[in-house]
Structure formats: structure tokens, C-alpha cells
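*Asks:* Compact mmCIF, C-alpha atoms, file structure16.txt:
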```
# COMPACT_ATOMS: atom_id res chain seq x y z
CA MET A 1 -37.51 -34.89 34.05
CA SER A 2 -34.96 -37.18 32.40
CA ALA A 3 -31.98 -38.59 34.29
CA GLY A 4 -29.31 -36.01 34.94
CA ALA A 5 -31.36 -33.09 33.57
CA GLU A 6 -30.53 -31.17 36.74
CA LEU A 7 -27.02 -30.88 35.28
CA THR A 8 -28.31 -28.42 32.73
CA THR A 9 -31.20 -26.65 34.41
CA ALA A 10 -31.52 -23.65 36.72
CA ARG A 11 -34.85 -23.46 38.52
CA VAL A 12 -36.36 -20.69 40.65
CA GLU A 13 -39.77 -20.57 42.35
CA ARG A 14 -41.55 -17.59 43.87
CA LEU A 15 -45.00 -17.06 45.37
CA LEU A 16 -46.63 -13.92 43.94
CA PRO A 17 -49.52 -11.98 45.51
CA VAL A 18 -51.68 -11.91 42.33
CA PRO A 19 -53.64 -14.43 40.24
CA PRO A 20 -51.81 -16.28 37.41
CA GLY A 21 -53.18 -14.06 34.62
CA ASP A 22 -51.81 -10.90 36.28
CA ALA A 23 -48.40 -12.51 36.85
CA TYR A 24 -48.31 -13.71 33.23
CA ASP A 25 -49.20 -10.24 31.94
CA ALA A 26 -46.18 -8.71 33.67
CA TRP A 27 -43.93 -10.88 31.46
CA VAL A 28 -45.48 -9.84 28.15
CA ASP A 29 -45.67 -6.09 28.85
CA ALA A 30 -42.37 -4.42 27.84
CA ASP A 31 -42.65 -1.58 30.40
CA ARG A 32 -43.25 -3.97 33.26
CA LEU A 33 -40.72 -6.57 32.10
CA GLN A 34 -37.92 -4.02 31.94
CA ARG A 35 -38.63 -2.96 35.52
CA PHE A 36 -37.99 -6.42 36.95
CA ILE A 37 -35.88 -8.48 34.52
CA CYS A 38 -32.49 -6.92 35.23
CA PRO A 39 -30.45 -7.54 38.40
CA GLU A 40 -29.62 -4.55 40.64
CA PRO A 41 -27.99 -2.13 40.03
CA GLY A 42 -28.53 -2.51 36.29
CA THR A 43 -31.33 -1.08 34.18
CA ALA A 44 -32.98 -2.78 31.23
CA GLU A 45 -34.51 -1.71 27.94
CA VAL A 46 -36.81 -4.28 26.45
CA VAL A 47 -38.32 -4.66 22.98
CA ILE A 48 -40.66 -7.63 22.70
CA ASP A 49 -43.14 -9.09 20.25
CA PRO A 50 -44.89 -11.64 22.47
CA ARG A 51 -46.46 -14.01 19.97
CA PRO A 52 -45.21 -17.38 18.72
CA GLY A 53 -42.07 -16.77 16.65
CA GLY A 54 -41.94 -13.12 17.76
CA SER A 55 -38.59 -11.74 18.89
CA LEU A 56 -37.39 -10.33 22.17
CA ARG A 57 -34.39 -8.12 22.80
CA ILE A 58 -33.19 -7.13 26.25
CA VAL A 59 -30.42 -4.56 26.70
CA MET A 60 -29.12 -4.48 30.28
CA ALA A 61 -26.92 -1.57 31.31
CA PHE A 62 -24.65 -2.01 34.33
CA PRO A 63 -22.26 0.62 35.70
CA ASP A 64 -19.33 -1.04 33.92
CA ARG A 65 -20.84 -2.89 30.96
CA VAL A 66 -23.78 -3.51 28.69
CA ARG A 67 -25.28 -6.94 28.03
CA VAL A 68 -27.61 -7.77 25.14
CA ILE A 69 -29.83 -10.81 25.05
CA GLU A 70 -31.95 -11.85 22.10
CA GLY A 71 -34.45 -14.61 21.69
CA GLU A 72 -37.74 -15.75 20.24
CA TYR A 73 -41.03 -16.64 21.83
CA LEU A 74 -41.48 -20.37 21.32
CA ALA A 75 -44.82 -20.83 23.05
CA LEU A 76 -47.34 -18.61 24.83
CA ASP A 77 -50.23 -20.04 26.78
CA ARG A 78 -51.87 -17.42 29.00
CA PRO A 79 -52.19 -17.75 31.98
CA HIS A 80 -50.28 -21.04 32.33
CA ARG A 81 -46.83 -20.56 30.83
CA LEU A 82 -44.59 -18.92 28.31
CA THR A 83 -41.37 -20.19 26.72
CA PHE A 84 -38.69 -18.21 24.95
CA SER A 85 -35.17 -18.82 23.69
CA TRP A 86 -32.32 -16.94 25.37
CA ARG A 87 -29.28 -16.00 23.33
CA PRO A 88 -26.79 -13.68 25.01
CA GLN A 89 -24.79 -11.70 22.49
CA TRP A 90 -21.51 -12.72 24.07
CA ARG A 91 -20.75 -16.32 23.22
CA GLU A 92 -22.53 -18.94 25.29
CA PRO A 93 -24.64 -22.01 24.58
CA GLU A 94 -28.15 -21.17 23.48
CA SER A 95 -30.78 -21.92 26.06
CA VAL A 96 -34.50 -21.83 26.73
CA VAL A 97 -36.51 -20.19 29.52
CA THR A 98 -39.95 -21.43 30.56
CA VAL A 99 -41.99 -19.45 33.09
CA SER A 100 -45.07 -21.17 34.46
CA PHE A 101 -47.83 -19.90 36.72
CA GLU A 102 -49.92 -22.10 39.00
CA PRO A 103 -52.83 -20.77 41.03
CA ARG A 104 -52.48 -20.96 44.81
CA GLY A 105 -55.21 -20.26 47.34
CA GLY A 106 -56.25 -16.67 48.03
CA ASP A 107 -55.46 -15.14 44.62
CA GLU A 108 -51.81 -16.09 44.72
CA THR A 109 -49.56 -17.66 42.09
CA LEU A 110 -46.59 -19.99 42.28
CA MET A 111 -44.27 -18.79 39.53
CA THR A 112 -41.58 -21.25 38.38
CA ILE A 113 -38.74 -20.14 36.13
CA VAL A 114 -36.84 -22.98 34.46
CA HIS A 115 -33.79 -22.05 32.40
CA SER A 116 -32.44 -25.05 30.47
CA GLN A 117 -29.76 -25.86 28.01
CA LEU A 118 -30.92 -27.76 24.98
CA PRO A 119 -29.12 -29.94 22.47
CA SER A 120 -27.93 -27.66 19.69
CA GLY A 121 -30.53 -27.79 16.97
CA SER A 122 -33.56 -28.10 19.21
CA VAL A 123 -34.29 -24.39 19.22
CA SER A 124 -33.86 -24.02 15.48
CA ASP A 125 -36.10 -27.05 14.93
CA TYR A 126 -38.70 -25.39 17.11
CA ARG A 127 -38.28 -22.16 15.20
CA ARG A 128 -38.69 -23.88 11.82
CA GLY A 129 -41.92 -25.35 13.15
CA TRP A 130 -43.21 -21.93 14.07
CA ASP A 131 -42.07 -20.46 10.77
CA SER A 132 -44.25 -22.88 8.86
CA VAL A 133 -47.19 -22.24 11.21
CA SER A 134 -46.90 -18.48 10.81
CA ALA A 135 -46.51 -18.83 7.04
CA GLN A 136 -49.78 -20.75 6.99
CA LEU A 137 -51.53 -18.20 9.18
CA GLY A 138 -50.10 -15.36 7.09
CA GLY A 139 -51.49 -16.97 3.95
CA GLN A 140 -54.93 -17.28 5.51
CA ALA A 141 -54.92 -13.68 6.68
CA GLY A 142 -53.97 -12.57 3.17
CA ALA A 143 -50.76 -10.97 4.49
CA MET B 1 -22.27 -12.04 37.63
CA PHE B 2 -21.39 -12.92 34.03
CA LYS B 3 -17.62 -13.09 34.22
CA HIS B 4 -17.25 -16.88 34.10
CA MET B 5 -19.33 -17.10 30.97
CA VAL B 6 -16.91 -15.15 28.81
CA GLU B 7 -13.74 -16.85 30.01
CA ASP B 8 -14.91 -20.41 29.77
CA SER B 9 -17.42 -20.17 26.98
CA ALA B 10 -15.63 -22.44 24.50
CA ALA B 11 -15.18 -25.23 27.06
CA LEU B 12 -18.74 -24.71 28.30
CA ASP B 13 -20.03 -24.91 24.76
CA LEU B 14 -18.43 -28.32 24.30
CA ALA B 15 -19.59 -29.48 27.72
CA TYR B 16 -23.16 -28.38 27.03
CA ARG B 17 -23.27 -30.00 23.64
CA ALA B 18 -22.21 -33.18 25.43
CA LEU B 19 -24.76 -32.64 28.21
CA GLY B 20 -27.54 -31.84 25.76
CA ASP B 21 -28.30 -35.50 25.19
CA PRO B 22 -30.34 -37.51 27.74
CA THR B 23 -28.35 -40.73 27.18
CA ARG B 24 -25.07 -38.93 27.86
CA ARG B 25 -26.51 -37.32 30.99
CA ARG B 26 -27.52 -40.76 32.15
CA LEU B 27 -24.00 -42.09 31.49
CA LEU B 28 -22.54 -39.25 33.55
CA ALA B 29 -24.97 -39.98 36.36
CA GLU B 30 -23.86 -43.65 36.25
CA LEU B 31 -20.22 -42.56 36.52
CA ARG B 32 -20.82 -40.39 39.56
CA GLY B 33 -18.88 -42.01 42.35
CA ARG B 34 -17.68 -45.12 40.45
CA ARG B 35 -15.61 -46.26 37.51
CA ALA B 36 -17.14 -48.43 34.82
CA ARG B 37 -16.41 -50.11 31.52
CA ILE B 38 -18.47 -49.39 28.40
CA THR B 39 -19.97 -52.89 28.80
CA ASP B 40 -21.16 -51.97 32.31
CA LEU B 41 -22.69 -48.73 31.06
CA ALA B 42 -24.38 -50.40 28.08
CA ALA B 43 -25.94 -53.27 30.07
CA PRO B 44 -28.99 -51.41 31.48
CA LEU B 45 -29.55 -49.34 28.32
CA PRO B 46 -31.75 -50.25 25.34
CA ILE B 47 -29.01 -49.23 22.88
CA SER B 48 -26.01 -51.04 21.40
CA PHE B 49 -22.48 -51.19 22.76
CA ALA B 50 -21.32 -49.23 19.70
CA ALA B 51 -23.85 -46.45 20.37
CA VAL B 52 -22.71 -46.20 23.99
CA ALA B 53 -19.08 -46.08 22.80
CA ARG B 54 -19.93 -43.14 20.53
CA HIS B 55 -21.60 -41.26 23.40
CA VAL B 56 -18.59 -41.94 25.62
CA ALA B 57 -16.30 -40.52 22.92
CA VAL B 58 -18.32 -37.27 22.92
CA LEU B 59 -18.04 -37.06 26.72
CA GLU B 60 -14.28 -37.61 26.49
CA ARG B 61 -13.85 -34.87 23.87
CA ALA B 62 -15.79 -32.50 26.11
CA GLY B 63 -13.37 -33.28 28.93
CA LEU B 64 -16.09 -34.70 31.17
CA VAL B 65 -14.89 -38.32 31.21
CA SER B 66 -11.42 -39.87 31.22
CA ARG B 67 -10.36 -43.35 30.13
CA GLU B 68 -7.74 -45.59 31.66
CA VAL B 69 -6.58 -48.58 29.64
CA ARG B 70 -5.64 -51.65 31.69
CA GLY B 71 -4.69 -54.56 29.48
CA ARG B 72 -7.78 -55.19 27.37
CA GLU B 73 -10.11 -53.30 29.65
CA HIS B 74 -10.96 -49.62 29.32
CA TRP B 75 -12.13 -48.05 32.57
CA LEU B 76 -14.06 -44.80 32.43
CA SER B 77 -14.44 -42.24 35.18
CA LEU B 78 -15.84 -38.77 35.67
CA ARG B 79 -13.07 -36.18 35.55
CA PRO B 80 -12.97 -34.39 38.90
CA GLY B 81 -14.09 -30.79 38.62
CA SER B 82 -15.17 -31.24 35.01
CA LEU B 83 -18.73 -30.20 35.78
CA ALA B 84 -17.63 -27.11 37.69
CA GLY B 85 -18.15 -24.87 34.67
CA ALA B 86 -21.65 -26.23 34.12
CA GLU B 87 -22.48 -25.88 37.82
CA ALA B 88 -21.20 -22.30 37.84
CA TRP B 89 -23.42 -21.53 34.86
CA ILE B 90 -26.45 -22.95 36.66
CA ALA B 91 -25.65 -21.01 39.85
CA GLU B 92 -25.30 -17.76 37.90
CA GLN B 93 -28.56 -18.27 36.00
CA ALA B 94 -30.36 -19.15 39.22
CA ALA B 95 -29.01 -15.99 40.91
CA PHE B 96 -30.11 -13.92 37.92
CA TRP B 97 -33.68 -15.28 37.96
CA GLN B 98 -33.88 -15.02 41.77
CA GLY B 99 -33.21 -11.30 41.32
CA SER B 100 -35.90 -10.99 38.64
CA ALA B 101 -38.43 -12.92 40.73
CA ASP B 102 -37.67 -10.77 43.79
CA ARG B 103 -38.16 -7.54 41.87
CA LEU B 104 -41.38 -8.76 40.28
CA ALA B 105 -42.72 -9.87 43.68
CA GLU B 106 -41.87 -6.46 45.18
CA GLN B 107 -43.60 -4.60 42.37
CA LEU B 108 -46.72 -6.74 42.54
CA ASP B 109 -46.76 -6.32 46.33
CA ARG B 110 -46.58 -2.53 46.03
CA GLY B 111 -49.39 -2.47 43.49
CA LYS B 112 -51.67 -4.45 45.75
CA PRO B 113 -54.43 -2.55 47.57
CA ARG B 114 -54.31 -3.08 51.35
```
Let's see the structure in the file written out as C-alpha cells.

*Replies:*
Amino acid sequence: MSAGAELTTARVERLLPVPPGDAYDAWVDADRLQRFICPEPGTAEVVIDPRPGGSLRIVMAFPDRVRVIEGEYLALDRPHRLTFSWRPQWREPESVVTVSFEPRGGDETLMTIVHSQLPSGSVSDYRRGWDSVSAQLGGQAGA
Amino acid sequence: MFKHMVEDSAALDLAYRALGDPTRRRLLAELRGRRARITDLAAPLPISFAAVARHVAVLERAGLVSREVRGREHWLSLRPGSLAGAEAWIAEQAAFWQGSADRLAEQLDRGKPR
């Protein structure tokens, strides 16, 4: 990690009682994601397209307000990690979330969530990269 | 949980654009706990004095660094409290993801055969 990166990064770790693949799958299944993503006492509705360049939209309803977050999947590598951009609809710097899964003994997983700010432009550069990849794949598939 | 974000978003935006660059983060780290001149900051870095001066200007515009002119010398220091907005953002995101991780752990625990 570069010098001072802790100034722009929130990091959370949790040991989960399942193997990495099972933990990963909970993040890319809309029904399961919406049951854990939102803080109490809110409820979430989630629409996701978990493939590179695919979009995600999370609507969180709290007793007094509604919050909408949009983003794109930047990288998916089951069962190791997934990365997506995180753009709250209210104004705030754009950021990126990476969730990684490391096997621990006895069918357990250490899940690490890293939420980082990026220089403006990084996410759109990433996205342009994926756009050209998906255009190439689309051409090959005859789409 | 999200109230700070709305109020301070413009200032945060500027601060984060400033913090988004690794050289500028390093400069801020250098200024933690001491004052320095641009020459002092540039000495250990593989970039020119002029490049460091440009980075410092960005940090000043974002309100993270202040400059005191003494004769021909310009002394830079971290503005007290200037990182509070950034730190609050980090604390709020961490609290949010703690909640998500807790709920996921509970659900996986419940689903586990005993």
C-alpha cells in the first residue's frame, strides 16, 4: 500500500463459517446481497449484473429516507475477489469497493472489504478498458 | 449514518481529489507533526522542485495545507482538523461495511448445519 493510502481507505475484516466460494456467491446473488448489504433498520432492493462492466443498483430504504447507490463491476475473480465502483446518488467522491476471500482452516474464509477513494478518472479509465474488452467479446459472439 | 456526507460533500470532493494522488499523500504524511519548506519536501522525492510546488498548490486549494511566508522562506504545515472530513468519511464507510459483514456472518451461521 502506498504511503498515506490509509487516509483514503476504509477496511473491514470478518471470519465467515463457509469456504471462499460460498462467501463469494453471497455477493453476486441479488436475493442474498439485499439481505445483508443494508445497515439495520433499513431494507435494500438490489439489481445486479455481476459480470465485468455490468451494473449494480442498490436502493436502501430507511425509516426517514431512501439512499440509492449505483456502480459497475470492475473485476470478478471467483472465489478470490470482486471489485465494483460505488457511486451514491447524493453527491460524494466516487469510490471503489474490493471484497476478497481467503481460505482459513476448517472451511472458513477471511473476508476483507476495502473501500477506497480513487483519483478522479481512474474509474472511468477502468470502465473504458472494459468497454473495449466487451466490444471485442460481443463481436466474437456475433452480438 | 450519512449526514456528514451531504453537508460537507463539496469540501470533501476537493480534499479527495487532492488525496487521490500518491505523491500528495506522501507530502501530507511528511507534514504530519512538522513544518517544512518545499525544498525539504522535494529532497527525498524523485521529482522536481516545480512538480512538488504544483502538488503543494493542490493541497493548499483543498484546504489541507497552509503556507506561512517568512522573508524568502515559505513554510508549509498541515492545517489542524483539515483531515477531519476525510476521517469521518472513512469511519462512516467502515461502520457501514461492519454492519454488512455482521449480517452476512449471521446469515451464513444460520444456514450452517450443526

*Asks:* For the point (-35.9, -18.8, 41.6) in file coordinates, what residues are within 8 Å, counting only C-alpha atoms? Give the answer as a list in words?

*Replies:* Arg11, Val12, Glu13, Arg14, Thr112 and Ile113 of chain A; Ala94, Ala95, Trp97, Gln98, Gly99 and Ala101 of chain B

*Asks:* Contacts of Asp31 of chain A at 12 Å or less, counting all atoms listed in the file, minus same-chain residues fewer than 6 places along, as a PDB file with C-alpha atoms, in the coordinates of the input?

*Replies:*
```
ATOM      1  CA  ASP A  25     -49.200 -10.240  31.940  1.00  0.00           C
ATOM      2  CA  ILE A  37     -35.880  -8.480  34.520  1.00  0.00           C
ATOM      3  CA  THR A  43     -31.330  -1.080  34.180  1.00  0.00           C
ATOM      4  CA  ALA A  44     -32.980  -2.780  31.230  1.00  0.00           C
ATOM      5  CA  GLU A  45     -34.510  -1.710  27.940  1.00  0.00           C
ATOM      6  CA  VAL A  46     -36.810  -4.280  26.450  1.00  0.00           C
ATOM      7  CA  VAL A  47     -38.320  -4.660  22.980  1.00  0.00           C
ATOM      8  CA  ILE A  48     -40.660  -7.630  22.700  1.00  0.00           C
ATOM      9  CA  ILE A  58     -33.190  -7.130  26.250  1.00  0.00           C
TER      10      ILE A  58
END
```

*Asks:* Which neighbours of Asp77 of chain A fall inside 12 Å, counting only C-alpha atoms, when residues of the same chain fewer than 3 positions from it are skipped, and could you give them as number ranges by chain?

*Replies:* A: 20-21, 24-25, 28, 50-52, 73-74, 80-84, 98-101

*Asks:* So that I can see what lies close to Leu41 of chain B, please list as a ChimeraX atom specification the residues with an atom at most 12 Å from it, counting all atoms listed in the file and leaving out residues fewer than 2 positions away in the same chain.

*Replies:* /B:23-24,26-31,34-39,43-53,55-56,74-77

*Asks:* As number ranges by chain, please: the residues near segment 60-65 of chain B (cut-off 8 Å, all atoms listed in the file, same-chain neighbours under 3 positions excluded).

*Replies:* B: 11, 14-15, 18, 56-57, 76-79, 82-83

*Asks:* What residues in chain B lie within 6 Å of chain A, counting only C-alpha atoms, written as a list in words?

*Replies:*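 Here they are: Ser9, Asp13, Arg17, Gly20, Arg25, Arg26, Ile90, Ala94, Gly99, Ser100, Arg103, Leu104 and Ala105 of chain B.
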
*Asks:* Which is closest to Val66 of chain A among A:Arg78, A:Gly42, A:Arg87, A:Gly53, if we use all atoms listed in the file?

*Replies:*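 Counting all atoms listed in the file, the residue closest to Val66 of chain A is A:Gly42.
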
*Asks:* Between atom CA of Gly54 of chain A and atom CA of Ala75 of chain A, what is the spacing in Å?

*Replies:*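 Between atom CA of Ala75 of chain A and atom CA of Gly54 of chain A the gap works out to 9.8 Å.
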
*Asks:* By how many Å are atom CA of Arg110 of chain B and atom CA of Asp107 of chain A apart?

*Replies:*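 Between atom CA of Arg110 of chain B and atom CA of Asp107 of chain A the gap is 15.5 Å.
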
*Asks:* Enter the distance from atom CA of Gly85 of chain B to atom CA of Val97 of chain A, in Å, rounded to one decimal.

*Replies:*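 Here the two named atoms are 19.6 Å from each other.
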